[in-house]
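Undergrad: Data: model05.pdb, PDB, C-alpha atoms.
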```pdb
ATOM      1  CA  MET A 197       6.227  -3.760  -8.662  1.00  0.00           C
ATOM      2  CA  SER A 198       4.456  -0.607  -7.564  1.00  0.00           C
ATOM      3  CA  ARG A 199       1.872  -0.918  -4.838  1.00  0.00           C
ATOM      4  CA  ASP A 200       1.000   2.755  -5.308  1.00  0.00           C
ATOM      5  CA  ARG A 201      -2.062   1.764  -7.338  1.00  0.00           C
ATOM      6  CA  LEU A 202      -3.321  -0.429  -4.496  1.00  0.00           C
ATOM      7  CA  VAL A 203      -2.862   2.464  -2.079  1.00  0.00           C
ATOM      8  CA  ARG A 204      -4.925   4.631  -4.438  1.00  0.00           C
ATOM      9  CA  ALA A 205      -7.604   1.928  -4.492  1.00  0.00           C
ATOM     10  CA  ILE A 206      -7.620   1.863  -0.684  1.00  0.00           C
ATOM     11  CA  ASP A 207      -8.048   5.640  -0.602  1.00  0.00           C
ATOM     12  CA  ALA A 208     -10.911   5.478  -3.102  1.00  0.00           C
ATOM     13  CA  VAL A 209     -12.755   2.752  -1.160  1.00  0.00           C
ATOM     14  CA  ASP A 210     -12.248   4.736   2.039  1.00  0.00           C
ATOM     15  CA  THR A 211     -13.694   7.818   0.297  1.00  0.00           C
ATOM     16  CA  ALA A 212     -16.759   5.762  -0.635  1.00  0.00           C
ATOM     17  CA  ARG A 213     -17.022   4.456   2.938  1.00  0.00           C
ATOM     18  CA  GLU A 214     -16.968   7.974   4.323  1.00  0.00           C
ATOM     19  CA  ALA A 215     -19.520   9.191   1.756  1.00  0.00           C
ATOM     20  CA  THR A 216     -22.117   6.468   2.239  1.00  0.00           C
ATOM     21  CA  THR A 217     -25.035   6.963   4.577  1.00  0.00           C
ATOM     22  CA  ASP A 218     -25.882   3.248   4.553  1.00  0.00           C
ATOM     23  CA  GLY A 219     -24.407   1.590   7.658  1.00  0.00           C
ATOM     24  CA  GLU A 220     -24.283  -1.895   6.127  1.00  0.00           C
ATOM     25  CA  ILE A 221     -22.485  -0.683   3.014  1.00  0.00           C
ATOM     26  CA  GLY A 222     -20.105   1.291   5.215  1.00  0.00           C
ATOM     27  CA  GLU A 223     -19.210  -1.863   7.141  1.00  0.00           C
ATOM     28  CA  ARG A 224     -18.710  -3.848   3.942  1.00  0.00           C
ATOM     29  CA  LEU A 225     -16.463  -1.120   2.546  1.00  0.00           C
ATOM     30  CA  ALA A 226     -14.441  -1.038   5.775  1.00  0.00           C
ATOM     31  CA  GLN A 227     -13.850  -4.789   5.399  1.00  0.00           C
ATOM     32  CA  LEU A 228     -12.734  -4.292   1.794  1.00  0.00           C
ATOM     33  CA  VAL A 229     -10.328  -1.539   2.886  1.00  0.00           C
ATOM     34  CA  SER A 230      -8.858  -4.022   5.365  1.00  0.00           C
ATOM     35  CA  HIS A 231      -8.498  -6.709   2.666  1.00  0.00           C
ATOM     36  CA  LEU A 232      -6.782  -4.268   0.307  1.00  0.00           C
ATOM     37  CA  GLU A 233      -4.450  -3.028   3.045  1.00  0.00           C
ATOM     38  CA  SER A 234      -3.390  -6.576   3.862  1.00  0.00           C
ATOM     39  CA  GLN A 235      -2.630  -7.209   0.186  1.00  0.00           C
ATOM     40  CA  ALA A 236      -0.720  -3.946  -0.232  1.00  0.00           C
ATOM     41  CA  ASP A 237       1.381  -4.752   2.864  1.00  0.00           C
ATOM     42  CA  ARG A 238       2.321  -8.291   1.796  1.00  0.00           C
ATOM     43  CA  ASP A 239       5.988  -9.010   1.198  1.00  0.00           C
ATOM     44  CA  SER A 240       5.087 -11.298  -1.692  1.00  0.00           C
ATOM     45  CA  THR A 241       2.865 -10.665  -4.686  1.00  0.00           C
ATOM     46  CA  PRO A 242      -0.657  -9.781  -3.581  1.00  0.00           C
ATOM     47  CA  ALA A 243      -3.092 -12.679  -3.818  1.00  0.00           C
ATOM     48  CA  LEU A 244      -4.779 -12.331  -7.178  1.00  0.00           C
ATOM     49  CA  GLY A 245      -7.840 -14.269  -6.067  1.00  0.00           C
ATOM     50  CA  THR A 246      -8.353 -11.861  -3.186  1.00  0.00           C
ATOM     51  CA  LEU A 247      -8.034  -8.865  -5.493  1.00  0.00           C
ATOM     52  CA  ASP A 248     -10.524 -10.435  -7.913  1.00  0.00           C
ATOM     53  CA  ARG A 249     -13.005 -11.021  -5.066  1.00  0.00           C
ATOM     54  CA  VAL A 250     -12.560  -7.429  -3.877  1.00  0.00           C
ATOM     55  CA  GLN A 251     -13.242  -6.247  -7.439  1.00  0.00           C
ATOM     56  CA  THR A 252     -16.468  -8.269  -7.545  1.00  0.00           C
ATOM     57  CA  LYS A 253     -17.625  -6.983  -4.157  1.00  0.00           C
ATOM     58  CA  LEU A 254     -16.874  -3.395  -5.153  1.00  0.00           C
ATOM     59  CA  ARG A 255     -18.923  -3.841  -8.332  1.00  0.00           C
ATOM     60  CA  ASP A 256     -21.788  -5.374  -6.319  1.00  0.00           C
ATOM     61  CA  ILE A 257     -21.822  -2.430  -3.907  1.00  0.00           C
ATOM     62  CA  GLU A 258     -21.569   0.007  -6.802  1.00  0.00           C
ATOM     63  CA  ASP A 259     -24.688  -1.623  -8.300  1.00  0.00           C
ATOM     64  CA  GLU A 260     -26.556  -1.434  -4.976  1.00  0.00           C
ATOM     65  CA  THR A 261     -26.018   2.248  -4.273  1.00  0.00           C
ATOM     66  CA  SER A 262     -27.611   5.248  -5.904  1.00  0.00           C
ATOM     67  CA  ASP A 263     -25.117   7.734  -4.463  1.00  0.00           C
ATOM     68  CA  PRO A 264     -22.996   9.106  -7.329  1.00  0.00           C
ATOM     69  CA  THR A 265     -20.102   9.972  -4.995  1.00  0.00           C
ATOM     70  CA  VAL A 266     -19.926   6.383  -3.767  1.00  0.00           C
ATOM     71  CA  GLU A 267     -20.357   4.981  -7.288  1.00  0.00           C
ATOM     72  CA  ASP A 268     -17.559   7.161  -8.678  1.00  0.00           C
ATOM     73  CA  ALA A 269     -15.176   6.326  -5.839  1.00  0.00           C
ATOM     74  CA  LEU A 270     -15.787   2.593  -6.271  1.00  0.00           C
ATOM     75  CA  ALA A 271     -15.307   2.811 -10.037  1.00  0.00           C
ATOM     76  CA  ASP A 272     -12.004   4.596  -9.372  1.00  0.00           C
ATOM     77  CA  ALA A 273     -10.962   1.906  -6.889  1.00  0.00           C
ATOM     78  CA  ARG A 274     -11.706  -0.864  -9.371  1.00  0.00           C
ATOM     79  CA  GLN A 275      -9.714   0.945 -12.047  1.00  0.00           C
ATOM     80  CA  HIS A 276      -6.726   1.327  -9.701  1.00  0.00           C
ATOM     81  CA  ILE A 277      -6.821  -2.398  -8.924  1.00  0.00           C
ATOM     82  CA  LEU A 278      -6.985  -3.237 -12.634  1.00  0.00           C
ATOM     83  CA  SER A 279      -4.070  -0.882 -13.287  1.00  0.00           C
ATOM     84  CA  PHE A 280      -2.073  -2.605 -10.557  1.00  0.00           C
ATOM     85  CA  LEU A 281      -2.827  -6.038 -12.033  1.00  0.00           C
ATOM     86  CA  GLY A 282      -1.645  -4.742 -15.397  1.00  0.00           C
ATOM     87  CA  THR A 283       1.811  -4.096 -13.917  1.00  0.00           C
ATOM     88  CA  LEU A 284       2.303  -7.769 -13.070  1.00  0.00           C
ATOM     89  CA  ASP A 285       4.041 -10.117 -15.454  1.00  0.00           C
ATOM     90  CA  ASP A 286       1.595 -12.874 -16.393  1.00  0.00           C
ATOM     91  CA  ARG A 287      -0.685 -11.438 -13.685  1.00  0.00           C
ATOM     92  CA  GLY A 288       1.852 -12.662 -11.132  1.00  0.00           C
ATOM     93  CA  MET A 289       1.719 -16.275 -12.218  1.00  0.00           C
ATOM     94  CA  LYS A 290       4.900 -18.246 -12.748  1.00  0.00           C
ATOM     95  CA  GLN A 291       5.174 -20.974 -15.316  1.00  0.00           C
ATOM     96  CA  HIS A 292       6.267 -24.321 -13.880  1.00  0.00           C
TER      97      HIS A 292
END
```
Output the structure of this file as structure tokens.
TA:
Amino acid sequence: MSRDRLVRAIDAVDTAREATTDGEIGERLAQLVSHLESQADRDSTPALGTLDRVQTKLRDIEDETSDPTVEDALADARQHILSFLGTLDDRGMKQH
């Protein structure tokens, strides 16, 4: 499985973090970068629940900001995460 898409998502969130002038949003984005990095570095399949929560938080921040640079970067990040999830068989779930 390719984690390249998660790395692209990390880069996009970091771009948004650097572009924002809102300190609170910057801190929230830094936390999301950390969450994504921990998932990309895992030896096992990234935790799908964590990625879903990150997606939701990115969408929330995207809705809160009026900066088009931040909005575009967050939309890109969400798309990269969705693309990564699409590479997983059964979204990483195993049938028991």
Undergrad: Once you count all atoms listed in the file, which residues end up no further than 9 Å from (2.0, -1.2, -4.4) in the file's frame, shown as a list in words?
TA: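 The requested residues, written out, are Met197, Ser198, Arg199, Asp200, Arg201, Leu202, Val203, Gln235, Ala236, Asp237 and Phe280 of chain A.
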Undergrad: Once the PyMOL selection byres ((chain A and resi 212-222) around 8) is applied to the coordinates I shared, what remains selected? I want it as a list in words.
TA: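 Applied to this file, the PyMOL selection byres ((chain A and resi 212-222) around 8) returns Ala208, Val209, Asp210, Thr211, Glu223, Arg224, Leu225, Ala226, Ile257, Asp263, Thr265, Val266, Glu267, Ala269 and Leu270 of chain A.
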Undergrad: Can you list what the PyMOL selection byres ((chain A and resi 247) around 9) grabs from this structure, as an MDAnalysis selection string?
TA: chainID A and resid 231:232 235 242:246 248:252 277 281
Undergrad: In Å, with one decimal, what is the gap from atom CA of His276 of chain A to atom CA of Arg204 of chain A?
TA: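 Spanning atom CA of His276 of chain A to atom CA of Arg204 of chain A is a straight-line distance of 6.5 Å.
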Undergrad: Go ahead and compute the interatomic distance for atom CA of Ser234 of chain A and atom CA of Ser262 of chain A, in Å to one decimal.
TA: 28.7 Å
Undergrad: What is the distance between atom CA of Thr241 of chain A and atom CA of Asp259 of chain A, in Å to one decimal?
TA: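 A separation of 29.2 Å between them.
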Undergrad: Report the centre and edge lengths, in Å to one decimal, of an axis-aligned box enclosing every atom of segment 219-224 of chain A listed in the file, padded by 8 Å on each side, as AutoDock Vina command-line options.
TA:
```
--center_x -21.6 --center_y -1.1 --center_z 5.3 --size_x 21.7 --size_y 21.4 --size_z 20.6
```
